[in-house]
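Visitor: Structure incoming, see below.
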Amino acid sequence: MIATMTLNPTIDRTLEICRLNVGGMNRVQAVIDHPSGKGINVSRTLKTFGLPTQATALLGGESGRWIAETLTKEGLKLEVIPTAGSSRTNLKIWSREAKEATEINEPGPLVSEKELEQVLAHIEANAAHWQWLVISGSMPPGVPSDFYGTLITKAKAQGAKIALDTSGAALKQAIKAQPDLIKPNETEAEELLGRYVRHETEAEAAAAELLQYGIRCVLLTLGKDGAFLGCDGEIWRAVPPEISVKSTVGCGDAALAGLLYGFRQGASLQDALRWSTAAGAANASLPGTEPPTLDVIQMLFHQVLIKRHL
């Protein structure tokens, strides 16, 4: 079982427009609502792969009920930890002409100490049954910056492997607990290392340096430029195939799910990275935060270029 934890889930509302006119009139051509949050996105993609997964999320208010009902209709196994506040709604403005997204994200509801205690109790009661726990996304107001580190320590103590995908202070604090896998993008790696990660040589060096934190695997995603995977002393580079991009939101979550699928199948590092890159590219070919279909991922898998760097 691969479990995911999402403390700050959301309704992702994608507004598709022709081009973004800042300060002027923008006419929306399509509106798409999806249940989202990074851990939820990972679980939805894992379900596409046919892997057993359980998503745990703090949910509250009418928006939280909509998220829970929609995921349940999809057949996703979901554990809800109720929160007094209402779950957030994030706006994604997709410019068809520029093929880029402008994101407007709410902070999320204030979380109480009692609600965090419920999260910890859930980890303690279930982590022994999980092969992996994916902890990902931002933390809502009220959550201390070291909380992910606490979750990692408790879950690892029961034998679960940890995949972490977050940013800023939460990432800096959580890596002290040495998760098994982290998935920063170039911006998050830059914040963590304090230097630019813009070119191939810089990305390779960043992946190698992040491994020195005592982390077994680092998946450094670079958007349309692919990804680097550092694991067990090896570093591999993936270059994705050309696709028609319809959304860039959630691609990193799909990439993380694809990598875990490869690991679960016992694939080589290069093939695990192929699955990761194919899943991210497939996600980018769909509007909103809709998870990619398995047939598209399989088709793109054979088009991913892989080369070893170390």
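Chains: A, B, ... in order of the structure tokens. Residues: from 1 per chain. Ligands: from 1, in order shown.
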Need the shell around Val304 in chain A: protein/DNA/RNA residues with any atom at most 6 Å away, counting only C-alpha atoms. Skip same-chain ones fewer than 3 positions apart. Format as an NGL selection string?
Guide: :A and (239-241 or 274 or 301)
Visitor: Identify, on the basis of only C-alpha atoms, every residue whose closest approach to range 254-267 of chain A does not exceed 7 Å; exclude the query and any residue fewer than 4 positions from it along the same chain; express the result as number ranges by chain.
Guide: A: 42, 45-46, 250, 271-273, 275-277, 279-280, 283
Visitor: Compile the contact shell of Ala282 in chain A as a PyMOL selection string: residues with an atom at most 10 Å away, counting only C-alpha atoms, same-chain residues fewer than 6 positions apart removed.
Guide: chain A and resi 240-241+243-245+251+254-255+276+291-301
Visitor: My list of candidates is A:Phe147, A:Trp94, A:Trp66, A:Trp236. Which is closest to Leu20 in chain A when distances are computed with only C-alpha atoms?
Guide: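 The closest residue to Leu20 in chain A is A:Trp94.
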Visitor: Using the chain letters and numbers from this document, which residues of range 105-244 of chain A does DSSP assign to helix (DSSP H, G or I), as a compact mmCIF listing (two decimals) with N, CA and C atoms, in the first residue's frame?
Guide:
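Result file follows (part-v9.txt):
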```txt
# COMPACT_ATOMS: atom_id res chain seq x y z
N GLU A 113 -4.37 22.48 17.09
CA GLU A 113 -3.46 21.48 17.67
C GLU A 113 -4.17 20.13 17.80
N LYS A 114 -5.45 20.14 18.15
CA LYS A 114 -6.21 18.89 18.27
C LYS A 114 -6.29 18.17 16.93
N GLU A 115 -6.49 18.92 15.85
CA GLU A 115 -6.56 18.31 14.52
C GLU A 115 -5.21 17.71 14.12
N LEU A 116 -4.12 18.38 14.49
CA LEU A 116 -2.80 17.82 14.21
C LEU A 116 -2.54 16.56 15.02
N GLU A 117 -3.07 16.51 16.23
CA GLU A 117 -2.95 15.30 17.03
C GLU A 117 -3.66 14.13 16.37
N GLN A 118 -4.77 14.40 15.70
CA GLN A 118 -5.48 13.36 14.97
C GLN A 118 -4.65 12.84 13.80
N VAL A 119 -3.93 13.75 13.13
CA VAL A 119 -3.05 13.33 12.04
C VAL A 119 -1.97 12.40 12.58
N LEU A 120 -1.35 12.77 13.69
CA LEU A 120 -0.30 11.94 14.28
C LEU A 120 -0.85 10.59 14.72
N ALA A 121 -2.04 10.59 15.30
CA ALA A 121 -2.65 9.32 15.72
C ALA A 121 -2.93 8.42 14.52
N HIS A 122 -3.33 9.02 13.41
CA HIS A 122 -3.58 8.24 12.20
C HIS A 122 -2.29 7.60 11.69
N ILE A 123 -1.20 8.34 11.72
CA ILE A 123 0.09 7.80 11.30
C ILE A 123 0.49 6.63 12.21
N GLU A 124 0.39 6.83 13.51
CA GLU A 124 0.79 5.81 14.47
C GLU A 124 -0.05 4.54 14.33
N ALA A 125 -1.32 4.69 13.96
CA ALA A 125 -2.21 3.53 13.87
C ALA A 125 -2.06 2.76 12.56
N ASN A 126 -1.50 3.41 11.51
CA ASN A 126 -1.55 2.79 10.19
C ASN A 126 -0.22 2.63 9.47
N ALA A 127 0.81 3.36 9.87
CA ALA A 127 2.05 3.38 9.08
C ALA A 127 2.71 2.02 8.96
N ALA A 128 2.51 1.15 9.91
CA ALA A 128 3.12 -0.18 9.84
C ALA A 128 2.58 -0.99 8.65
N HIS A 129 1.44 -0.60 8.11
CA HIS A 129 0.82 -1.32 6.99
C HIS A 129 1.16 -0.69 5.63
N PHE A 147 6.56 20.08 11.41
CA PHE A 147 5.55 19.02 11.58
C PHE A 147 5.80 17.86 10.61
N TYR A 148 6.19 18.14 9.37
CA TYR A 148 6.47 17.06 8.43
C TYR A 148 7.61 16.19 8.95
N GLY A 149 8.60 16.80 9.58
CA GLY A 149 9.69 16.03 10.16
C GLY A 149 9.19 15.07 11.23
N THR A 150 8.23 15.54 12.04
CA THR A 150 7.63 14.68 13.07
C THR A 150 6.90 13.50 12.43
N LEU A 151 6.14 13.77 11.35
CA LEU A 151 5.43 12.70 10.65
C LEU A 151 6.43 11.68 10.08
N ILE A 152 7.51 12.18 9.49
CA ILE A 152 8.51 11.29 8.90
C ILE A 152 9.11 10.37 9.97
N THR A 153 9.48 10.94 11.10
CA THR A 153 10.10 10.15 12.17
C THR A 153 9.15 9.07 12.67
N LYS A 154 7.88 9.42 12.87
CA LYS A 154 6.91 8.45 13.38
C LYS A 154 6.64 7.34 12.37
N ALA A 155 6.51 7.69 11.09
CA ALA A 155 6.22 6.69 10.08
C ALA A 155 7.42 5.77 9.83
N LYS A 156 8.63 6.35 9.81
CA LYS A 156 9.83 5.54 9.60
C LYS A 156 10.04 4.55 10.75
N ALA A 157 9.66 4.96 11.95
CA ALA A 157 9.82 4.09 13.11
C ALA A 157 8.99 2.82 12.98
N GLY A 168 10.18 25.43 0.76
CA GLY A 168 10.44 26.43 1.77
C GLY A 168 10.89 25.87 3.10
N ALA A 169 10.41 26.51 4.18
CA ALA A 169 10.82 26.11 5.53
C ALA A 169 10.41 24.68 5.85
N ALA A 170 9.26 24.25 5.33
CA ALA A 170 8.81 22.88 5.57
C ALA A 170 9.81 21.87 5.03
N LEU A 171 10.34 22.14 3.83
CA LEU A 171 11.33 21.24 3.23
C LEU A 171 12.64 21.27 4.02
N LYS A 172 13.11 22.45 4.37
CA LYS A 172 14.37 22.56 5.10
C LYS A 172 14.31 21.83 6.44
N GLN A 173 13.17 21.92 7.11
CA GLN A 173 13.03 21.24 8.39
C GLN A 173 12.87 19.73 8.21
N ALA A 174 12.08 19.32 7.21
CA ALA A 174 11.73 17.91 7.07
C ALA A 174 12.90 17.05 6.62
N ILE A 175 13.83 17.60 5.82
CA ILE A 175 14.94 16.75 5.35
C ILE A 175 15.87 16.37 6.50
N LYS A 176 15.78 17.06 7.63
CA LYS A 176 16.57 16.67 8.79
C LYS A 176 16.17 15.28 9.28
N ALA A 177 14.93 14.88 9.02
CA ALA A 177 14.45 13.56 9.42
C ALA A 177 14.81 12.49 8.39
N GLU A 186 13.17 22.81 -9.72
CA GLU A 186 14.38 23.63 -9.71
C GLU A 186 14.29 24.81 -8.75
N THR A 187 13.09 25.41 -8.62
CA THR A 187 12.92 26.54 -7.70
C THR A 187 13.11 26.10 -6.26
N GLU A 188 12.53 24.97 -5.90
CA GLU A 188 12.65 24.45 -4.54
C GLU A 188 14.09 24.05 -4.23
N ALA A 189 14.78 23.48 -5.21
CA ALA A 189 16.19 23.13 -5.02
C ALA A 189 17.04 24.38 -4.83
N GLU A 190 16.72 25.43 -5.58
CA GLU A 190 17.45 26.70 -5.44
C GLU A 190 17.27 27.28 -4.04
N GLU A 191 16.04 27.25 -3.53
CA GLU A 191 15.77 27.76 -2.19
C GLU A 191 16.52 26.97 -1.14
N LEU A 192 16.60 25.66 -1.34
CA LEU A 192 17.24 24.79 -0.37
C LEU A 192 18.75 24.93 -0.37
N LEU A 193 19.32 25.04 -1.57
CA LEU A 193 20.78 25.06 -1.70
C LEU A 193 21.36 26.47 -1.73
N GLU A 200 21.91 22.20 -17.14
CA GLU A 200 22.09 20.76 -16.93
C GLU A 200 23.17 20.46 -15.91
N THR A 201 24.31 21.15 -16.01
CA THR A 201 25.40 20.89 -15.07
C THR A 201 25.02 21.30 -13.65
N GLU A 202 24.28 22.40 -13.52
CA GLU A 202 23.84 22.85 -12.20
C GLU A 202 22.84 21.87 -11.60
N ALA A 203 21.94 21.35 -12.43
CA ALA A 203 20.94 20.40 -11.95
C ALA A 203 21.59 19.10 -11.50
N GLU A 204 22.55 18.62 -12.28
CA GLU A 204 23.26 17.40 -11.90
C GLU A 204 23.98 17.58 -10.57
N ALA A 205 24.66 18.72 -10.43
CA ALA A 205 25.38 19.01 -9.19
C ALA A 205 24.42 19.14 -8.00
N ALA A 206 23.24 19.73 -8.26
CA ALA A 206 22.24 19.88 -7.19
C ALA A 206 21.74 18.53 -6.73
N ALA A 207 21.44 17.62 -7.68
CA ALA A 207 20.98 16.29 -7.31
C ALA A 207 22.03 15.56 -6.47
N ALA A 208 23.30 15.69 -6.88
CA ALA A 208 24.38 15.03 -6.15
C ALA A 208 24.52 15.61 -4.74
N GLU A 209 24.40 16.94 -4.63
CA GLU A 209 24.55 17.58 -3.32
C GLU A 209 23.41 17.22 -2.39
N LEU A 210 22.19 17.14 -2.92
CA LEU A 210 21.04 16.80 -2.08
C LEU A 210 21.13 15.39 -1.52
N LEU A 211 21.79 14.49 -2.25
CA LEU A 211 21.99 13.13 -1.75
C LEU A 211 22.86 13.13 -0.49
N GLY A 223 10.49 20.51 -15.30
CA GLY A 223 9.44 20.87 -16.25
C GLY A 223 9.67 20.25 -17.61
N LYS A 224 9.55 21.06 -18.66
CA LYS A 224 9.70 20.55 -20.02
C LYS A 224 11.11 20.04 -20.32
N ASP A 225 12.08 20.38 -19.45
CA ASP A 225 13.45 19.92 -19.63
C ASP A 225 13.71 18.56 -19.00
```
Visitor: Could you check the closest approach to Gly39 in chain A for each of A:Thr4, A:Gln54, A:Thr70, A:Ser95 and tell me which residue wins, using only C-alpha atoms?
Guide: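 Of the candidates, the smallest distance to Gly39 in chain A is held by A:Thr4.
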Visitor: Would you kindly return, as a list of chain:residue names, each protein, DNA or RNA residue with an atom no farther than 6 Å from any atom of range 29-31 of chain A, considering only C-alpha atoms and excluding same-chain residues fewer than 3 positions away?
Guide: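 With the cut-off at 6 Å, the set is A:Thr14, A:Leu15, A:Glu16, A:Ile17.
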Visitor: Residues within 9 Å of Ile104 in chain A, please, as a PDB file with N, CA and C atoms, in the first residue's frame. Count only C-alpha atoms; anything in the same chain fewer than 2 positions from it doesn't count.
Guide:
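What landed in part04.pdb:
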```
ATOM      1  N   ASN A  90      -8.279  26.871  -5.182  1.00  0.00           N
ATOM      2  CA  ASN A  90      -7.182  27.529  -5.883  1.00  0.00           C
ATOM      3  C   ASN A  90      -7.554  27.764  -7.343  1.00  0.00           C
ATOM      4  N   LEU A  91      -7.258  28.949  -7.843  1.00  0.00           N
ATOM      5  CA  LEU A  91      -7.537  29.286  -9.234  1.00  0.00           C
ATOM      6  C   LEU A  91      -6.296  29.059 -10.088  1.00  0.00           C
ATOM      7  N   LYS A  92      -6.475  28.382 -11.220  1.00  0.00           N
ATOM      8  CA  LYS A  92      -5.421  28.181 -12.206  1.00  0.00           C
ATOM      9  C   LYS A  92      -5.913  28.800 -13.513  1.00  0.00           C
ATOM     10  N   ILE A  93      -5.276  29.854 -13.935  1.00  0.00           N
ATOM     11  CA  ILE A  93      -5.678  30.528 -15.169  1.00  0.00           C
ATOM     12  C   ILE A  93      -4.774  30.034 -16.286  1.00  0.00           C
ATOM     13  N   THR A 102      -1.199  30.648 -14.725  1.00  0.00           N
ATOM     14  CA  THR A 102      -1.042  31.613 -13.645  1.00  0.00           C
ATOM     15  C   THR A 102      -1.840  31.080 -12.464  1.00  0.00           C
ATOM     16  N   GLU A 106      -4.994  29.962  -2.356  1.00  0.00           N
ATOM     17  CA  GLU A 106      -5.393  30.381  -1.021  1.00  0.00           C
ATOM     18  C   GLU A 106      -4.489  29.720   0.023  1.00  0.00           C
TER      19      GLU A 106
END
```
Visitor: How many Å separate CA of Cys231 in chain A from CA of Val134 in chain A?
Guide: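 Atom-to-atom, CA of Cys231 in chain A to CA of Val134 in chain A, that is 17.4 Å.
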Visitor: Could you write out, as a ChimeraX atom specification, all the residues of range 9-165 of chain A that DSSP marks as strand (DSSP E or B)?
Guide: /A:10-17,30-36,53-59,77-82,88-95,100-104,132-136,161-165
Visitor: Using N, CA and C atoms, can you write the selected residues to a file as a compact mmCIF listing (two decimals), in the first residue's frame?
Guide:
```txt
# COMPACT_ATOMS: atom_id res chain seq x y z
N THR A 10 -7.38 21.00 -1.85
CA THR A 10 -8.03 22.12 -2.51
C THR A 10 -8.95 21.66 -3.63
N ILE A 11 -9.88 22.50 -3.98
CA ILE A 11 -10.54 22.39 -5.27
C ILE A 11 -9.70 23.21 -6.24
N ASP A 12 -9.14 22.57 -7.24
CA ASP A 12 -8.43 23.30 -8.29
C ASP A 12 -9.44 23.72 -9.35
N ARG A 13 -9.69 25.01 -9.46
CA ARG A 13 -10.60 25.53 -10.48
C ARG A 13 -9.76 26.14 -11.60
N THR A 14 -9.77 25.48 -12.75
CA THR A 14 -8.99 25.94 -13.90
C THR A 14 -9.88 26.78 -14.81
N LEU A 15 -9.47 28.00 -15.07
CA LEU A 15 -10.15 28.89 -16.00
C LEU A 15 -9.33 28.97 -17.28
N GLU A 16 -9.86 28.48 -18.37
CA GLU A 16 -9.14 28.52 -19.64
C GLU A 16 -9.53 29.78 -20.40
N ILE A 17 -8.52 30.55 -20.81
CA ILE A 17 -8.73 31.77 -21.59
C ILE A 17 -7.82 31.74 -22.81
N ALA A 30 -13.57 28.10 -20.71
CA ALA A 30 -13.93 26.82 -20.08
C ALA A 30 -13.57 26.88 -18.60
N VAL A 31 -14.38 26.20 -17.78
CA VAL A 31 -14.13 26.09 -16.34
C VAL A 31 -14.08 24.62 -15.98
N ILE A 32 -13.00 24.21 -15.31
CA ILE A 32 -12.85 22.81 -14.92
C ILE A 32 -12.52 22.76 -13.43
N ASP A 33 -13.29 21.99 -12.65
CA ASP A 33 -13.04 21.78 -11.23
C ASP A 33 -12.52 20.37 -11.00
N HIS A 34 -11.44 20.25 -10.22
CA HIS A 34 -10.90 18.94 -9.86
C HIS A 34 -10.56 18.93 -8.37
N PRO A 35 -10.78 17.80 -7.68
CA PRO A 35 -10.25 17.65 -6.32
C PRO A 35 -8.74 17.56 -6.41
N SER A 36 -8.05 18.28 -5.53
CA SER A 36 -6.61 18.35 -5.70
C SER A 36 -5.90 18.54 -4.36
N THR A 53 -3.70 2.30 -3.11
CA THR A 53 -3.32 3.56 -2.49
C THR A 53 -4.43 4.05 -1.58
N GLN A 54 -4.04 4.79 -0.56
CA GLN A 54 -5.00 5.43 0.33
C GLN A 54 -4.58 6.87 0.53
N ALA A 55 -5.49 7.78 0.31
CA ALA A 55 -5.23 9.19 0.53
C ALA A 55 -5.83 9.62 1.86
N THR A 56 -5.04 10.33 2.64
CA THR A 56 -5.53 10.94 3.88
C THR A 56 -5.47 12.44 3.71
N ALA A 57 -6.55 13.13 4.10
CA ALA A 57 -6.59 14.57 3.89
C ALA A 57 -7.36 15.25 5.01
N LEU A 58 -6.90 16.43 5.40
CA LEU A 58 -7.65 17.31 6.29
C LEU A 58 -8.70 18.02 5.44
N LEU A 59 -9.98 17.83 5.74
CA LEU A 59 -11.03 18.40 4.91
C LEU A 59 -12.10 19.05 5.79
N LYS A 77 -9.70 5.29 -2.31
CA LYS A 77 -9.79 5.05 -0.86
C LYS A 77 -9.33 6.31 -0.14
N LEU A 78 -10.21 6.87 0.68
CA LEU A 78 -9.94 8.17 1.29
C LEU A 78 -10.22 8.12 2.78
N GLU A 79 -9.27 8.61 3.56
CA GLU A 79 -9.44 8.79 5.00
C GLU A 79 -9.53 10.29 5.27
N VAL A 80 -10.66 10.75 5.80
CA VAL A 80 -10.87 12.17 6.07
C VAL A 80 -10.61 12.47 7.53
N ILE A 81 -9.76 13.44 7.78
CA ILE A 81 -9.58 13.99 9.12
C ILE A 81 -10.27 15.35 9.12
N PRO A 82 -11.39 15.48 9.83
CA PRO A 82 -12.18 16.72 9.75
C PRO A 82 -11.43 17.91 10.34
N ARG A 88 -9.71 24.97 0.93
CA ARG A 88 -9.51 26.09 0.03
C ARG A 88 -9.91 25.77 -1.41
N THR A 89 -10.01 26.81 -2.21
CA THR A 89 -10.17 26.71 -3.66
C THR A 89 -9.05 27.51 -4.31
N ASN A 90 -8.28 26.87 -5.18
CA ASN A 90 -7.18 27.53 -5.88
C ASN A 90 -7.55 27.76 -7.34
N LEU A 91 -7.26 28.95 -7.84
CA LEU A 91 -7.54 29.29 -9.23
C LEU A 91 -6.30 29.06 -10.09
N LYS A 92 -6.47 28.38 -11.22
CA LYS A 92 -5.42 28.18 -12.21
C LYS A 92 -5.91 28.80 -13.51
N ILE A 93 -5.28 29.85 -13.94
CA ILE A 93 -5.68 30.53 -15.17
C ILE A 93 -4.77 30.03 -16.29
N TRP A 94 -5.36 29.27 -17.21
CA TRP A 94 -4.58 28.66 -18.28
C TRP A 94 -4.72 29.47 -19.57
N SER A 95 -3.60 30.02 -20.02
CA SER A 95 -3.58 30.78 -21.27
C SER A 95 -3.29 29.83 -22.42
N GLU A 100 0.69 28.59 -20.74
CA GLU A 100 1.24 28.73 -19.40
C GLU A 100 0.12 29.00 -18.41
N ALA A 101 0.40 28.60 -17.16
CA ALA A 101 -0.60 28.75 -16.10
C ALA A 101 -0.21 29.86 -15.15
N THR A 102 -1.20 30.65 -14.73
CA THR A 102 -1.04 31.61 -13.65
C THR A 102 -1.84 31.08 -12.46
N GLU A 103 -1.17 30.88 -11.33
CA GLU A 103 -1.82 30.25 -10.19
C GLU A 103 -2.10 31.26 -9.09
N ILE A 104 -3.29 31.17 -8.53
CA ILE A 104 -3.69 32.01 -7.40
C ILE A 104 -4.17 31.06 -6.30
N TRP A 132 5.01 2.73 1.43
CA TRP A 132 5.44 4.11 1.28
C TRP A 132 4.39 5.04 1.87
N LEU A 133 4.86 6.14 2.44
CA LEU A 133 4.00 7.26 2.79
C LEU A 133 4.50 8.47 2.03
N VAL A 134 3.63 9.06 1.21
CA VAL A 134 3.96 10.27 0.47
C VAL A 134 3.42 11.46 1.25
N ILE A 135 4.32 12.33 1.70
CA ILE A 135 3.94 13.55 2.42
C ILE A 135 4.23 14.70 1.47
N SER A 136 3.19 15.40 1.05
CA SER A 136 3.45 16.41 0.02
C SER A 136 2.49 17.58 0.11
N LYS A 161 8.54 3.62 4.22
CA LYS A 161 9.45 4.49 3.49
C LYS A 161 8.73 5.81 3.21
N ILE A 162 9.50 6.90 3.14
CA ILE A 162 8.90 8.23 3.04
C ILE A 162 9.33 8.92 1.75
N ALA A 163 8.34 9.42 1.01
CA ALA A 163 8.58 10.32 -0.12
C ALA A 163 8.06 11.69 0.27
N LEU A 164 8.90 12.71 0.11
CA LEU A 164 8.56 14.06 0.54
C LEU A 164 8.57 15.01 -0.64
N ASP A 165 7.52 15.82 -0.76
CA ASP A 165 7.45 16.84 -1.80
C ASP A 165 6.82 18.09 -1.22
```
Visitor: Find the distance between CA of Gly85 in chain A and CA of Gly137 in chain A and write it in Å to one decimal.
Guide: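 Separating CA of Gly85 in chain A from CA of Gly137 in chain A is a distance of 18.0 Å.
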Visitor: How far is it from CA of Gln270 in chain A to CA of Ile306 in chain A, in Å with one decimal?
Guide: 6.6 Å
Visitor: Any idea what's packed within 10 Å of Arg216 in chain A, counting only C-alpha atoms, ignoring anything in its chain fewer than 5 positions away? Could you give it as a compact mmCIF listing (two decimals) with C-alpha atoms, in the first residue's frame?
Guide:
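This is the output file out35.txt:
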```
# COMPACT_ATOMS: atom_id res chain seq x y z
CA GLN A 178 16.04 11.97 6.29
CA PRO A 179 13.11 10.86 4.12
CA ASP A 180 13.91 8.11 1.63
CA LEU A 181 12.97 10.24 -1.38
CA ILE A 182 12.51 13.93 -2.06
CA LEU A 210 21.04 16.80 -2.08
CA LEU A 211 21.99 13.13 -1.75
CA GLY A 230 19.96 10.54 -8.07
CA CYS A 231 19.74 7.24 -6.23
CA ASP A 232 22.14 4.71 -4.67
CA GLY A 233 25.18 6.58 -5.92
```
